[in-house]
Amino acid sequence: MREPVPDDVVEDILARLPVKSLTRFRYVSKSCNSIVTDTTFIKKHLKLNLNQSESSISANTHSGYLLYTTEDKDGSSSSKELCTVVRNKDRTWTQFSRFEIPSFFDKYMIFAFCNGLFCLASCEKELCHIIYLWNPSIRMCKKLGATRFNRKYNERAAFGFAYDSLNNDFKILRVVCHAMFNESEAEAEIYTLSSDSWRKVVISMQSLRGCEVTEPKLGTIFGVWGPFTFYNGALHAFAHTIGYSFILSFDISDESFHEIMMPRNHYDSDATNFTKLAEYKGLPADFVFALDDGNKPFGRNLCNIWVMEKYGVAKSWTRKFVIPMEWVWAGNFFGCTNNGELLIKNATGLVSIDPESQNQNILDIEDANWVAFSTNSMESLVLLDGGSFITQNVYTEREREEEEEKKNSNVCSMDDLGGASGSGGGLDSGSSGDCHSRAT
């Protein structure tokens, strides 16, 4: 007697398949499509992928992933690509994936990514309220319309994006402030993917400290410099009042804002080129790039690395390293690898610098204009239940090869059926056209 496999068993099997196979399973039958595009199933698949990714990190099978976008050489937006390479133990790189960046992202830039999802925003005044979530592995995106604040002067928006593991949700933080002239408080919006909605909150020194602020120098927060960086369950960015600078943190789970004090006398305002927050070996760090060579413009830099050895404790800030290096523009410092090497683009190209030995390693990567490092690289089905399909061809290199093979062959591969085992059995067999196999 042939009995159908229980639904929960089928879903458990499917949840362990890669994204590419699952997207093909959608076209096997209506029931398969219903399972794969179900919000609960997508969350389950994401959790399993996260657990697998953490196991891979624990096994120490590689040294992390480098993500970068290529520059547009010929002026055609269709030539832009998002690439991921994996760092091998011998310090070489192996290509992991490559996606074409859709042409309608031409005026947008990636400011954060998380668990296979990328968040993009624009610096242009007319587009600064439009944000995109993009999942290249399933070729889908979601357009988000934030509030257009009615400000007399140009507004500056700082963005943060992270995954809330406690609530199994993706969140975007958008902070807008330009209070130098109109004395209004910084305004913030929080977007949650599960509710597909924004909500407003006001940030002030009084709300951060939980009491009335009497120090005149604190005043109003007029600047928050993004993008936010994520570590220890919170997003972080520099914030400024007229006479005070600090780190603004946002707890991604309870959605509360906090103030973290900067190290005292950590930079000279006259000699400082720029400062940037980044994670250094799992700890928050402030990278201060100061002028060298007697403050000569465009001369050499001194990179001062301040590390907060105990999170949230101002007294634990310690200056770990001072590294002399070539001049670096603010947009050409991309943070650190998991072993603490700085990722910088200088006159030589994209390089990594070991702060302890101060050795520079030239990375064999050309034409990169956005760079990020991640300990894991995973694909997900997020947005499959509510995003818009991107019709532009964004195939990976491997998919291009497969398409060429199909053109030259009349044989239908098993991958075309999402891993099905043929007409004699498997998850798509049976005359009912459902997603359940039969057992004898």
# chains A, B, ... in the order shown; residues from 1 in each chain; ligands from 1
call {"tool": "closest_atom_pairs", "arguments": {"of": "region 95-180 of chain A", "to": "region 65-71 of chain A", "cutoff": "10 Å", "atoms": "only C-alpha atoms", "output": "Markdown table"}}
result
| residue | atom | partner | partner_atom | distance |
| --- | --- | --- | --- | --- |
| A:Gln95 | CA | A:Leu66 | CA | 9.5 |
| A:Phe96 | CA | A:Tyr65 | CA | 8.5 |
| A:Ser97 | CA | A:Leu67 | CA | 9.4 |
| A:Arg98 | CA | A:Thr69 | CA | 9.5 |
| A:Phe99 | CA | A:Thr69 | CA | 9.5 |
| A:Glu100 | CA | A:Thr69 | CA | 9.5 |
| A:Ile101 | CA | A:Thr69 | CA | 8.6 |
| A:Met109 | CA | A:Thr69 | CA | 9.7 |
| A:Ile110 | CA | A:Thr69 | CA | 9.1 |
| A:Phe113 | CA | A:Leu67 | CA | 10.0 |
call {"tool": "write_last_selection", "arguments": {"atoms": "C-alpha atoms", "output": "tab-separated table (two decimals), in the first residue's frame"}}
result
chain	number	residue	atom	x	y	z
A	95	GLN	CA	35.51	32.69	-6.43
A	96	PHE	CA	32.34	31.69	-4.63
A	97	SER	CA	29.61	33.57	-6.52
A	98	ARG	CA	29.04	36.39	-8.99
A	99	PHE	CA	25.84	38.30	-9.72
A	100	GLU	CA	25.10	41.11	-12.12
A	101	ILE	CA	23.74	44.17	-10.33
A	109	MET	CA	24.83	51.80	-3.22
A	110	ILE	CA	25.06	48.88	-0.82
A	113	PHE	CA	24.19	43.08	4.02
call {"tool": "closest_residue", "arguments": {"among": "A:Ile247, A:Met378, A:Leu277, A:Cys123", "to": "Gln52 (chain A)", "atoms": "only C-alpha atoms"}}
result
A:Met378
call {"tool": "closest_residue", "arguments": {"among": "A:Thr375, A:Ser34, A:Ser316, A:Thr220", "to": "Leu283 (chain A)", "atoms": "only C-alpha atoms"}}
result
A:Ser316
call {"tool": "select_by_dssp", "arguments": {"residues": "region 128-265 of chain A", "states": "alpha helix (DSSP H)", "output": "number ranges by chain"}}
result
A: 179-182, 205-209
call {"tool": "residues_around", "arguments": {"residues": "Asn49 (chain A)", "least_positions_apart": "2", "cutoff": "8 Å", "atoms": "only C-alpha atoms", "output": "VMD selection string"}}
result
chain A and resid 45 to 47 51 to 53 378 to 380
call {"tool": "residues_around", "arguments": {"residues": "Ala186 (chain A)", "least_positions_apart": "5", "cutoff": "8 Å", "atoms": "only C-alpha atoms", "output": "PyMOL selection string"}}
result
chain A and resi 175-179+202-204+220-223
call {"tool": "closest_residue", "arguments": {"among": "A:Leu173, A:Arg24, A:Trp134, A:Glu126", "to": "Phe104 (chain A)", "atoms": "only C-alpha atoms"}}
result
A:Trp134
call {"tool": "atom_distance", "arguments": {"atom1": "CA of Val351 (chain A)", "atom2": "CA of Phe238 (chain A)"}}
result
25.7 Å
call {"tool": "atom_distance", "arguments": {"atom1": "CA of Ser253 (chain A)", "atom2": "CA of Thr84 (chain A)"}}
result
28.8 Å
call {"tool": "atom_distance", "arguments": {"atom1": "CA of Asp367 (chain A)", "atom2": "CA of Ala112 (chain A)"}}
result
19.8 Å
